[in-house]
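File shown: work_6.txt (compact mmCIF, C-alpha atoms).
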# COMPACT_ATOMS: atom_id res chain seq x y z
CA MET A 1 3.50 6.81 31.67
CA GLN A 2 1.48 9.26 33.73
CA ALA A 3 1.15 12.87 32.63
CA LEU A 4 2.68 15.58 34.77
CA SER A 5 0.13 17.57 36.73
CA ASN A 6 -0.03 20.49 34.27
CA PRO A 7 1.42 21.63 30.92
CA ASN A 8 3.78 24.10 32.58
CA GLU A 9 5.67 21.25 34.22
CA TRP A 10 6.28 19.65 30.84
CA ILE A 11 7.35 22.97 29.33
CA GLU A 12 9.69 23.69 32.23
CA LYS A 13 11.35 20.30 31.78
CA TYR A 14 11.31 20.37 27.95
CA PRO A 15 11.02 23.98 26.70
CA ALA A 16 10.77 22.85 23.05
CA LEU A 17 7.40 21.33 23.94
CA ARG A 18 5.74 24.74 24.45
CA PRO A 19 4.24 25.11 20.93
CA VAL A 20 3.66 21.34 20.70
CA ILE A 21 1.52 21.29 23.84
CA LYS A 22 -0.44 24.26 22.51
CA ALA A 23 -1.05 22.36 19.24
CA GLN A 24 0.69 25.12 17.27
CA PRO A 25 2.53 24.44 13.99
CA VAL A 26 6.24 24.16 14.65
CA LEU A 27 9.46 23.15 12.90
CA TRP A 28 11.87 21.30 15.19
CA LEU A 29 15.42 20.68 14.04
CA ASN A 30 17.04 17.57 15.48
CA PRO A 31 20.05 18.49 17.66
CA ASP A 32 21.09 14.82 17.91
CA LYS A 33 21.28 14.00 14.20
CA LYS A 34 24.44 12.12 13.29
CA ARG A 35 26.35 11.96 10.04
CA VAL A 36 26.23 8.56 8.39
CA SER A 37 29.88 9.02 7.51
CA ASP A 38 30.71 9.09 11.23
CA SER A 39 29.86 5.37 11.40
CA PHE A 40 27.63 4.48 14.34
CA PRO A 41 25.69 1.30 15.16
CA LEU A 42 22.25 0.72 13.62
CA PRO A 43 20.09 -2.40 13.98
CA LEU A 44 19.96 -2.78 10.17
CA GLY A 45 22.39 -2.09 7.34
CA LYS A 46 22.64 -1.98 3.57
CA ALA A 47 23.30 -5.72 3.46
CA ASP A 48 19.84 -6.26 4.97
CA MET A 49 18.33 -4.08 2.24
CA GLU A 50 20.12 -6.03 -0.47
CA LYS A 51 18.88 -9.31 0.97
CA GLY A 52 15.37 -7.88 1.30
CA GLN A 53 15.31 -6.71 -2.32
CA ALA A 54 16.51 -10.14 -3.48
CA PHE A 55 13.63 -11.71 -1.55
CA MET A 56 11.05 -9.45 -3.19
CA ASP A 57 12.58 -10.13 -6.60
CA GLN A 58 12.31 -13.84 -5.80
CA TYR A 59 8.54 -13.55 -5.35
CA ALA A 60 7.85 -10.96 -8.05
CA LEU A 61 6.40 -13.50 -10.51
CA TYR A 62 4.07 -14.81 -7.83
CA ILE A 63 2.90 -11.28 -6.99
CA ALA A 64 2.24 -10.62 -10.68
CA LYS A 65 0.24 -13.85 -10.83
CA ILE A 66 -2.09 -13.17 -7.91
CA PHE A 67 -2.33 -9.41 -8.49
CA PRO A 68 -2.62 -8.81 -12.25
CA GLU A 69 -2.49 -5.05 -11.66
CA THR A 70 1.24 -5.50 -10.96
CA ALA A 71 1.92 -7.22 -14.30
CA ALA A 72 3.11 -3.99 -15.91
CA THR A 73 5.88 -3.73 -13.30
CA HIS A 74 6.58 -7.50 -13.40
CA GLY A 75 5.31 -8.02 -9.87
CA GLN A 76 7.32 -5.19 -8.36
CA ILE A 77 5.61 -2.83 -5.89
CA PHE A 78 6.37 0.35 -7.81
CA SER A 79 5.09 3.96 -7.98
CA PRO A 80 5.92 6.80 -10.38
CA LEU A 81 7.88 9.95 -9.63
CA SER A 82 5.99 13.08 -10.75
CA THR A 83 7.20 16.63 -11.17
CA LEU A 84 5.37 19.32 -9.20
CA ASP A 85 6.23 22.30 -11.41
CA LYS A 86 2.73 23.83 -11.42
CA PHE A 87 2.14 23.19 -7.74
CA SER A 88 5.59 24.55 -6.90
CA SER A 89 4.88 27.68 -8.92
CA LEU A 90 1.64 28.23 -7.04
CA ARG A 91 3.23 27.73 -3.63
CA SER A 92 6.19 29.97 -4.59
CA ARG A 93 3.87 32.97 -4.78
CA GLY A 94 4.06 33.07 -1.00
CA VAL A 95 6.86 34.36 1.18
CA HIS A 96 9.34 31.58 0.39
CA LYS A 97 10.06 30.73 -3.22
CA ILE A 98 10.70 27.02 -3.71
CA SER A 99 14.07 26.89 -5.42
CA GLY A 100 15.42 23.64 -6.83
CA ARG A 101 13.35 20.88 -8.43
CA PHE A 102 10.30 19.52 -6.62
CA PHE A 103 8.99 15.98 -7.09
CA LEU A 104 6.21 13.81 -5.67
CA LYS A 105 6.86 10.13 -4.94
CA CYS A 106 3.44 8.75 -5.81
CA ASP A 107 2.95 5.94 -3.31
CA HIS A 108 -0.72 6.88 -3.28
CA ALA A 109 -0.75 5.09 -6.66
CA LEU A 110 0.90 1.86 -5.50
CA PRO A 111 -0.98 -1.12 -6.93
CA VAL A 112 -3.29 -3.36 -4.89
CA ALA A 113 -3.29 -1.48 -1.56
CA GLY A 114 -3.01 2.13 -2.77
CA SER A 115 -0.56 3.35 -0.15
CA ILE A 116 3.03 3.16 1.07
CA LYS A 117 1.91 0.44 3.50
CA ALA A 118 1.93 -2.03 0.60
CA ARG A 119 5.73 -1.93 0.71
CA GLY A 120 6.17 -2.97 4.33
CA GLY A 121 2.99 -5.02 4.63
CA PHE A 122 3.62 -7.23 1.62
CA PHE A 123 7.25 -7.72 2.63
CA GLU A 124 6.39 -8.88 6.14
CA VAL A 125 3.50 -11.19 5.24
CA LEU A 126 5.44 -12.81 2.39
CA HIS A 127 8.35 -13.40 4.77
CA PHE A 128 6.07 -15.06 7.31
CA ALA A 129 4.50 -17.22 4.59
CA HIS A 130 7.90 -18.24 3.23
CA GLN A 131 9.25 -19.19 6.67
CA LEU A 132 6.09 -21.09 7.52
CA ALA A 133 6.27 -23.09 4.28
CA ALA A 134 9.95 -23.83 4.95
CA SER A 135 9.36 -24.85 8.56
CA GLU A 136 6.71 -27.37 7.45
CA GLY A 137 9.07 -28.88 4.86
CA PHE A 138 7.36 -27.68 1.68
CA ILE A 139 10.53 -25.88 0.55
CA HIS A 140 14.11 -25.38 1.60
CA GLU A 141 14.88 -21.97 3.11
CA ASN A 142 16.56 -20.67 -0.06
CA GLU A 143 13.86 -21.91 -2.45
CA THR A 144 10.80 -20.09 -3.77
CA ALA A 145 7.47 -21.50 -2.64
CA ASP A 146 4.38 -21.83 -4.80
CA PHE A 147 1.85 -20.51 -2.31
CA SER A 148 -1.02 -21.53 -4.58
CA GLN A 149 -0.41 -25.24 -3.94
CA PRO A 150 -3.43 -26.78 -2.12
CA GLU A 151 -1.22 -28.22 0.64
CA ILE A 152 0.30 -24.82 1.40
CA LYS A 153 -3.11 -23.11 1.20
CA ALA A 154 -4.41 -25.64 3.72
CA LEU A 155 -1.47 -24.87 6.02
CA PHE A 156 -2.04 -21.11 5.82
CA SER A 157 -5.77 -21.48 6.49
CA ARG A 158 -4.96 -22.73 10.00
CA TYR A 159 -3.07 -19.52 10.88
CA THR A 160 -4.40 -16.10 11.82
CA ILE A 161 -2.59 -12.86 11.04
CA GLY A 162 -3.51 -9.84 13.14
CA VAL A 163 -2.72 -6.14 12.78
CA GLY A 164 -3.76 -2.90 14.47
CA SER A 165 -4.43 -0.04 12.09
CA THR A 166 -5.95 3.36 11.45
CA GLY A 167 -6.60 2.20 7.90
CA ASN A 168 -3.86 1.85 5.30
CA LEU A 169 -1.65 -0.72 7.03
CA GLY A 170 -4.78 -2.74 7.67
CA LEU A 171 -5.63 -2.65 3.97
CA SER A 172 -2.15 -3.81 3.03
CA ILE A 173 -1.98 -6.66 5.54
CA GLY A 174 -5.61 -7.64 5.06
CA ILE A 175 -5.46 -7.86 1.28
CA ILE A 176 -2.20 -9.82 0.97
CA SER A 177 -2.95 -12.13 3.93
CA ALA A 178 -6.41 -13.06 2.69
CA LYS A 179 -5.10 -13.60 -0.84
CA LEU A 180 -2.50 -16.05 0.49
CA GLY A 181 -5.19 -17.94 2.36
CA PHE A 182 -4.59 -16.81 5.94
CA ARG A 183 -7.33 -15.82 8.31
CA VAL A 184 -6.81 -12.14 9.05
CA ASN A 185 -8.09 -9.87 11.82
CA VAL A 186 -7.69 -6.11 11.42
CA TYR A 187 -8.17 -4.16 14.66
CA MET A 188 -9.31 -0.69 13.57
CA SER A 189 -9.25 2.51 15.63
CA HIS A 190 -12.35 4.71 15.95
CA ASP A 191 -11.03 7.22 13.41
CA ALA A 192 -10.59 4.66 10.62
CA LYS A 193 -12.71 5.51 7.60
CA GLU A 194 -15.81 3.40 6.92
CA TRP A 195 -14.85 2.85 3.29
CA LYS A 196 -11.58 1.28 4.38
CA LYS A 197 -13.40 -1.11 6.69
CA ASN A 198 -15.80 -2.04 3.89
CA LEU A 199 -12.95 -2.63 1.45
CA LEU A 200 -11.22 -4.92 3.94
CA ARG A 201 -14.37 -6.97 4.42
CA LYS A 202 -14.81 -7.18 0.65
CA ASN A 203 -11.29 -8.63 0.39
CA GLY A 204 -11.91 -11.30 3.01
CA ALA A 205 -10.55 -9.71 6.18
CA HIS A 206 -12.32 -9.69 9.53
CA VAL A 207 -12.59 -6.12 10.86
CA ILE A 208 -12.69 -5.59 14.63
CA GLU A 209 -13.69 -2.04 15.51
CA GLU A 210 -12.40 -0.37 18.66
CA GLU A 211 -13.80 2.61 20.55
CA GLY A 212 -10.35 4.03 21.26
CA ASP A 213 -7.52 5.32 19.08
CA PHE A 214 -4.67 3.50 17.36
CA GLY A 215 -2.98 2.72 20.68
CA VAL A 216 -6.07 0.86 21.91
CA ALA A 217 -6.49 -1.00 18.62
CA ILE A 218 -2.90 -2.18 18.41
CA ALA A 219 -2.77 -3.20 22.08
CA LYS A 220 -5.89 -5.35 21.75
CA GLY A 221 -4.73 -6.82 18.44
CA ARG A 222 -1.34 -7.70 19.87
CA LYS A 223 -2.85 -9.33 22.96
CA GLU A 224 -5.48 -11.38 21.14
CA THR A 225 -3.21 -12.50 18.31
CA THR A 226 -0.17 -13.46 20.36
CA ARG A 227 -2.17 -15.62 22.76
CA ASN A 228 -3.20 -17.75 19.78
CA PRO A 229 -0.51 -20.43 19.20
CA LEU A 230 -1.27 -20.18 15.47
CA GLY A 231 -1.38 -16.38 15.46
CA TYR A 232 1.10 -13.93 13.92
CA PHE A 233 0.88 -10.24 14.78
CA VAL A 234 2.23 -7.58 12.42
CA ASP A 235 3.37 -5.04 14.98
CA ASP A 236 3.53 -1.53 13.56
CA GLU A 237 5.17 -0.29 16.76
CA ASN A 238 7.99 -2.84 16.83
CA SER A 239 8.47 -4.50 13.45
CA SER A 240 11.90 -4.53 11.81
CA ARG A 241 10.42 -6.33 8.79
CA LEU A 242 7.87 -3.63 8.07
CA PHE A 243 10.68 -1.09 8.41
CA LEU A 244 12.95 -3.00 6.05
CA GLY A 245 10.14 -3.37 3.50
CA TYR A 246 9.69 0.39 3.42
CA SER A 247 13.42 0.94 3.02
CA LEU A 248 13.45 -0.89 -0.32
CA ALA A 249 11.68 2.10 -1.89
CA ALA A 250 15.09 3.80 -1.86
CA TYR A 251 16.31 1.58 -4.71
CA GLU A 252 13.31 2.69 -6.72
CA VAL A 253 14.02 6.37 -6.11
CA GLN A 254 17.67 5.89 -7.01
CA LYS A 255 16.70 4.32 -10.34
CA GLN A 256 14.19 7.07 -11.11
CA LEU A 257 16.62 9.89 -10.30
CA ASN A 258 19.30 8.22 -12.41
CA GLN A 259 16.87 8.05 -15.33
CA LEU A 260 16.26 11.78 -14.93
CA LYS A 261 20.04 12.32 -14.77
CA ILE A 262 19.74 13.98 -11.36
CA ASN A 263 22.95 13.65 -9.42
CA ILE A 264 22.69 13.43 -5.63
CA ASP A 265 25.71 14.27 -3.51
CA GLU A 266 26.41 16.56 -0.57
CA GLU A 267 26.68 19.58 -2.86
CA HIS A 268 23.45 18.58 -4.63
CA PRO A 269 21.42 17.13 -1.76
CA LEU A 270 18.06 15.35 -1.69
CA PHE A 271 15.53 16.75 0.79
CA VAL A 272 12.72 14.30 1.58
CA TYR A 273 9.44 15.22 3.30
CA SER A 274 7.31 12.38 4.65
CA PRO A 275 3.97 12.23 6.50
CA CYS A 276 4.57 10.46 9.79
CA GLY A 277 2.43 8.21 11.98
CA VAL A 278 4.34 5.87 14.31
CA GLY A 279 7.46 6.50 12.21
CA GLY A 280 7.91 3.10 10.55
CA SER A 281 7.28 3.97 6.91
CA PRO A 282 9.00 7.40 6.83
CA GLY A 283 11.79 6.00 8.99
CA GLY A 284 12.28 3.07 6.64
CA VAL A 285 12.36 5.33 3.57
CA MET A 286 14.83 7.66 5.28
CA PHE A 287 17.04 4.77 6.35
CA GLY A 288 17.06 3.29 2.85
CA LEU A 289 17.96 6.57 1.18
CA LYS A 290 20.68 7.21 3.77
CA MET A 291 22.17 3.79 3.05
CA ILE A 292 22.39 4.72 -0.65
CA TYR A 293 23.21 8.44 -0.61
CA GLY A 294 24.63 8.90 2.89
CA ASP A 295 24.76 12.47 4.19
CA ALA A 296 23.45 13.86 0.91
CA VAL A 297 19.94 12.99 2.16
CA HIS A 298 18.13 15.35 4.53
CA SER A 299 14.88 13.89 5.85
CA PHE A 300 11.98 15.78 7.44
CA PHE A 301 8.81 14.27 8.89
CA ALA A 302 5.38 15.92 9.07
CA GLU A 303 2.85 15.26 11.84
CA PRO A 304 -0.57 16.71 12.69
CA THR A 305 -0.54 19.35 15.43
CA HIS A 306 -2.83 17.14 17.54
CA SER A 307 -0.88 13.90 16.95
CA PRO A 308 2.86 14.70 17.09
CA ALA A 309 3.82 11.27 18.45
CA VAL A 310 7.36 11.01 17.09
CA LEU A 311 8.13 14.66 17.80
CA THR A 312 7.03 14.32 21.42
CA GLY A 313 9.05 11.13 21.81
CA LEU A 314 12.20 12.73 20.43
CA ILE A 315 11.98 16.06 22.28
CA THR A 316 11.56 14.30 25.62
CA GLY A 317 13.90 11.44 24.77
CA LEU A 318 11.21 9.06 26.02
CA LYS A 319 10.38 7.78 22.53
CA GLU A 320 7.66 5.08 22.74
CA LYS A 321 7.35 5.51 26.50
CA ILE A 322 5.35 8.73 26.08
CA SER A 323 2.02 9.40 24.37
CA VAL A 324 0.60 12.68 23.09
CA HIS A 325 -2.17 12.17 25.65
CA ASP A 326 0.47 12.49 28.38
CA ILE A 327 1.12 16.11 27.39
CA GLY A 328 -2.57 16.97 27.14
CA LEU A 329 -3.22 16.53 23.39
CA ASP A 330 -6.31 14.70 22.14
CA ASN A 331 -4.84 12.82 19.14
CA LEU A 332 -7.84 13.90 17.04
CA THR A 333 -7.10 14.67 13.41
CA GLU A 334 -8.66 14.26 9.97
CA ALA A 335 -5.33 12.78 8.89
CA ASP A 336 -6.48 9.33 9.98
CA GLY A 337 -3.29 7.62 8.79
CA LEU A 338 -1.28 9.86 11.13
CA ALA A 339 -3.62 9.67 14.13
CA VAL A 340 -1.30 7.84 16.50
CA GLY A 341 -0.44 8.75 20.05
CA ARG A 342 2.79 6.84 20.54
CA PRO A 343 5.79 6.29 18.20
CA SER A 344 7.33 3.00 17.11
CA ALA A 345 9.92 1.69 19.55
CA PHE A 346 12.01 0.14 16.79
CA ALA A 347 11.84 3.07 14.39
CA SER A 348 12.46 5.72 17.06
CA GLU A 349 15.94 4.40 17.80
CA ILE A 350 16.91 4.96 14.17
CA ILE A 351 14.94 8.16 13.61
CA LYS A 352 16.61 9.99 16.48
CA LYS A 353 19.99 9.48 14.79
CA LEU A 354 19.03 10.20 11.19
CA VAL A 355 16.09 12.61 10.90
CA SER A 356 16.93 16.24 10.18
CA GLY A 357 13.74 17.67 11.62
CA ILE A 358 10.01 17.37 12.18
CA TYR A 359 7.29 19.91 11.49
CA THR A 360 3.65 19.88 12.52
CA ILE A 361 0.72 20.92 10.38
CA GLU A 362 -2.91 21.81 11.06
CA ASP A 363 -5.77 19.85 9.51
CA SER A 364 -7.04 22.91 7.64
CA ALA A 365 -3.70 23.18 5.83
CA LEU A 366 -3.92 19.55 4.76
CA PHE A 367 -7.20 20.19 2.96
CA GLN A 368 -5.91 23.33 1.27
CA LEU A 369 -2.86 21.47 0.01
CA LEU A 370 -5.11 18.65 -1.20
CA LYS A 371 -7.11 21.06 -3.33
CA GLU A 372 -4.07 22.93 -4.64
CA LEU A 373 -2.39 19.70 -5.72
CA ASN A 374 -5.57 18.50 -7.39
CA ASP A 375 -6.14 21.84 -9.15
CA THR A 376 -2.57 22.31 -10.40
CA GLU A 377 -1.36 18.78 -11.12
CA GLN A 378 -4.65 16.82 -11.29
CA ILE A 379 -3.32 14.50 -8.59
CA PHE A 380 -5.66 13.42 -5.80
CA ILE A 381 -4.26 12.10 -2.52
CA GLU A 382 -5.63 11.57 0.99
CA PRO A 383 -5.53 14.53 3.42
CA SER A 384 -2.84 12.83 5.51
CA ALA A 385 -0.69 12.28 2.41
CA THR A 386 -0.50 16.01 1.71
CA ALA A 387 1.52 16.74 4.86
CA GLY A 388 4.87 16.45 3.08
CA LEU A 389 3.94 19.04 0.46
CA MET A 390 4.65 21.90 2.83
CA GLY A 391 8.15 20.65 3.58
CA PRO A 392 10.19 22.86 1.24
CA GLU A 393 8.54 26.02 2.55
CA GLN A 394 9.08 24.98 6.15
CA VAL A 395 12.76 24.25 5.65
CA LEU A 396 13.48 27.26 3.44
CA ALA A 397 11.97 29.51 6.12
CA SER A 398 14.32 28.07 8.73
CA THR A 399 18.05 28.41 9.36
CA TYR A 400 18.70 24.81 8.32
CA LEU A 401 20.19 25.46 4.89
CA SER A 402 22.41 28.34 6.00
CA LYS A 403 23.71 26.41 9.01
CA ASN A 404 24.54 23.47 6.78
CA LYS A 405 25.97 25.72 4.03
CA ILE A 406 23.57 24.39 1.40
CA ASP A 407 22.77 26.32 -1.77
CA PRO A 408 18.93 26.28 -2.10
CA SER A 409 19.14 26.20 -5.89
CA LYS A 410 21.04 22.90 -5.79
CA VAL A 411 18.47 21.03 -3.67
CA THR A 412 16.18 18.35 -5.11
CA HIS A 413 12.96 18.29 -3.07
CA LEU A 414 10.92 15.09 -2.78
CA ALA A 415 7.55 14.93 -1.02
CA TRP A 416 6.33 11.42 -0.29
CA SER A 417 2.65 10.85 -1.08
CA THR A 418 1.55 8.00 1.14
CA GLY A 419 -2.02 7.12 0.11
CA GLY A 420 -5.16 8.01 -1.78
CA ASP A 421 -5.80 5.98 -4.93
CA LEU A 422 -8.41 3.73 -3.31
CA VAL A 423 -10.49 6.61 -1.91
CA PRO A 424 -14.06 6.28 -3.30
CA GLU A 425 -15.22 8.99 -5.70
CA LYS A 426 -17.93 10.18 -3.30
CA THR A 427 -15.37 10.67 -0.53
CA ARG A 428 -13.00 12.47 -2.90
CA LYS A 429 -15.69 14.97 -3.74
CA GLN A 430 -16.40 15.52 -0.05
CA PHE A 431 -12.73 16.21 0.65
CA LEU A 432 -12.49 18.67 -2.25
CA GLN A 433 -15.74 20.41 -1.29
CA ARG A 434 -14.42 20.84 2.23
CA SER A 435 -11.23 22.33 0.79
CA ASP A 436 -13.24 24.97 -1.08
CA HIS A 437 -14.08 26.66 2.20
CA ILE A 438 -10.56 26.75 3.59
CA GLN A 439 -7.98 29.47 3.12
CA VAL A 440 -4.84 29.13 5.19
CA LYS A 441 -1.91 31.50 5.41
CA PHE A 442 1.24 29.40 5.59
Go ahead and express the file in the form of structure tokens.
Amino acid sequence: MQALSNPNEWIEKYPALRPVIKAQPVLWLNPDKKRVSDSFPLPLGKADMEKGQAFMDQYALYIAKIFPETAATHGQIFSPLSTLDKFSSLRSRGVHKISGRFFLKCDHALPVAGSIKARGGFFEVLHFAHQLAASEGFIHENETADFSQPEIKALFSRYTIGVGSTGNLGLSIGIISAKLGFRVNVYMSHDAKEWKKNLLRKNGAHVIEEEGDFGVAIAKGRKETTRNPLGYFVDDENSSRLFLGYSLAAYEVQKQLNQLKINIDEEHPLFVYSPCGVGGSPGGVMFGLKMIYGDAVHSFFAEPTHSPAVLTGLITGLKEKISVHDIGLDNLTEADGLAVGRPSAFASEIIKKLVSGIYTIEDSALFQLLKELNDTEQIFIEPSATAGLMGPEQVLASTYLSKNKIDPSKVTHLAWSTGGDLVPEKTRKQFLQRSDHIQVKF
């Protein structure tokens, strides 16, 4: 859509956009959030999650075979849950003490692809491979295929999988697709890191670099892939399969919290803080947790001040029909995984009903959080993955808990770490050195 003639017109129409347009940090609480217990229509349900988990279990042995690094988890895409006691203690020296327990869901340590995108990416590509093998008569629909068979490899080699990416989704799709024997084209935006492009090439993917941002990359990828009769496009802006793949992480969290004997109910709620790009991965995680714990889950997304795509879509109600460029923002951020101008059409419909709020964060704060986490817990993650770490402070400083009559001491906080394990050592040092020169007052 076309931008209004000046920022004041946007602000007059949508007053909540004032700090967003000025690229100022803001916490927005969703006035349209619904209670799961009220029962309202959603495009997916718990039955879809159960079927999706059964599918991934079905192919777990195959995953363990082709990716030996998953052998310890028997082919399951799994990440640990870490306590953040030292980090929490450091952050609690500020204005708002972090009460309740604080955990990090370490998807930066996911095997093979090193980010949360492995969950959705592997799920979607395996589904496509399974359906293709079934359609060609190699298996019945309910059977498990051996994708290493020469005949199936030959079939896959005729097909091209395409994806538009700022980096981590491209790594996920590129690695699994090439391993299965597909041709794969990854359309990368200008802000994608060079090391990610090199890693994709090393794993057999074809990298197509674009001058524009994520929106340009995904549009070109979608156009070029879909016009190929043997092309399959993994569409981050519209994919229900990616979304469902992310949602399966909720079963993992449930198991881990049970092992820690942490009870989650409305009196003892779970607050989840997720970095947000187009909204697919945080939306999927939120949806999955809501399907398990219902209204005991309170989900908050974090976006860069210069790339608040989902926030802009929700405030205006225009969702994927509006870009941050339309309100005068440049979509330039060091949080390359979050550098998107327009939200997911599919995810936005669900997010608007379930998300509790969204806060924006400046790049300088990301680097400070990166250093503090590394210094206190010896955990390194990408700058974009640190965005959720500020969540407890943001929410505790707001009226959210008092309005919802929640005792802060009974909250379990969970920040979702979305990527970082594959970052080269040289780049890690550069990030940490940059952090040394930053001091931000939160």
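Residue neighbourhood of Val36 of chain A, excluding near-sequence residues (fewer than 3 positions): Lys33, Ser39, Phe40, Pro41, Lys290, Met291, Tyr293, Gly294, Asp295, Ala296, Val297, Lys353 and Leu354 of chain A, at 10 Å, using only C-alpha atoms.
Using only C-alpha atoms, the smallest distance between any of A:Pro43, A:Gly391, A:Gly288, A:Gly221 and Gly357 of chain A comes from A:Gly391.
Taking atom CA of Pro15 of chain A as the reference point, atom CA of Ala397 of chain A is found at 21.3 Å.
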With a cut-off of 12 Å, could you pull out the residues of segment 252-324 of chain A touching segment 149-173 of chain A and give me the nearest pair of atoms for each, distance in Å to one decimal, using all atoms listed in the file, ordered by chain and ascending number, as JSON lines?
{"residue": "A:Gly277", "atom": "CA", "partner": "A:Thr166", "partner_atom": "CA", "distance": 9.7}
{"residue": "A:Val278", "atom": "CA", "partner": "A:Ser165", "partner_atom": "CA", "distance": 10.8}
{"residue": "A:Gly280", "atom": "CA", "partner": "A:Leu169", "partner_atom": "CA", "distance": 10.9}
{"residue": "A:Ser281", "atom": "CA", "partner": "A:Leu169", "partner_atom": "CA", "distance": 10.1}
Close residues, segment 245-253 of chain A itself excluded, 9 Å, all atoms listed in the file, min 4 positions apart in chain, as a ChimeraX atom specification: /A:49-50,52-53,77-79,81,105,116-124,240-241,257-258,280-292
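In this structure, atom CA of Ala347 of chain A sits 28.8 Å away from atom CA of Thr70 of chain A.
For Met390 of chain A, the list of residues within 10 Å, based on all atoms listed in the file and with local chain neighbours fewer than 2 positions off taken out, reads Arg91, Tyr273, Ala302, Tyr359, Thr360, Ile361, Ala365, Leu366, Leu369, Thr386, Ala387, Gly388, Pro392, Glu393, Gln394, Val395, Ala415 and Phe442 of chain A.
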Selection near Ser409 of chain A, 10 Å with only C-alpha atoms, sequence-local residues under 5 positions removed, as a PyMOL selection string: chain A and resi 98-101+268
Residue neighbourhood Pro304 of chain A, 7 Å, all atoms listed in the file, exclusion window fewer than 3 positions, as a PyMOL selection string: chain A and resi 307-308+333+360-363
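Here the question is which of A:Gln131, A:Thr226, A:Asn30, A:Thr418 gets nearest to Leu311 of chain A using all atoms listed in the file, and that residue is A:Asn30.
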Per-axis box centre and lengths in Å around segment 304-317 of chain A, 8 Å margin per side, axis-aligned, as AutoDock Vina command-line options:
--center_x 5.5 --center_y 15.2 --center_z 19.2 --size_x 32.7 --size_y 24.3 --size_z 28.9
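Taking atom CA of Gln76 of chain A and atom CA of Asp146 of chain A as the two end points, the separation is 17.3 Å.
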Pick from A:Ile262, A:Ala217, A:Ile381, A:Leu370 nearest to Pro424 of chain A, counting only C-alpha atoms: A:Ile381
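Compared by their closest atoms to Glu267 of chain A, and using all atoms listed in the file, the residues A:Ala385, A:Ala72, A:Ile406, A:Ala133 rank with A:Ile406 nearest.
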Hey, can you pull every residue with an atom no more than 8 Å from (9.9, -2.6, 13.2), using all atoms listed in the file, and send it as a PDB file with C-alpha atoms, in the coordinates of the input?
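Below you can see selection.pdb, which holds the result:
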ATOM      1  CA  ASP A 235       3.370  -5.040  14.980  1.00  0.00           C
ATOM      2  CA  ASP A 236       3.530  -1.530  13.560  1.00  0.00           C
ATOM      3  CA  GLU A 237       5.170  -0.290  16.760  1.00  0.00           C
ATOM      4  CA  ASN A 238       7.990  -2.840  16.830  1.00  0.00           C
ATOM      5  CA  SER A 239       8.470  -4.500  13.450  1.00  0.00           C
ATOM      6  CA  SER A 240      11.900  -4.530  11.810  1.00  0.00           C
ATOM      7  CA  ARG A 241      10.420  -6.330   8.790  1.00  0.00           C
ATOM      8  CA  LEU A 242       7.870  -3.630   8.070  1.00  0.00           C
ATOM      9  CA  PHE A 243      10.680  -1.090   8.410  1.00  0.00           C
ATOM     10  CA  LEU A 244      12.950  -3.000   6.050  1.00  0.00           C
ATOM     11  CA  GLY A 280       7.910   3.100  10.550  1.00  0.00           C
ATOM     12  CA  SER A 344       7.330   3.000  17.110  1.00  0.00           C
ATOM     13  CA  ALA A 345       9.920   1.690  19.550  1.00  0.00           C
ATOM     14  CA  PHE A 346      12.010   0.140  16.790  1.00  0.00           C
ATOM     15  CA  ALA A 347      11.840   3.070  14.390  1.00  0.00           C
TER      16      ALA A 347
END
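Proximity of A:Val184, A:Ala192, A:Leu396, A:Cys106 to Ser82 of chain A, computed with only C-alpha atoms, is greatest for A:Cys106.
You can rank A:Leu61, A:Val411, A:Val216, A:Leu314 by their closest distance to Asp191 of chain A using all atoms listed in the file, and at the top of that list sits A:Val216.
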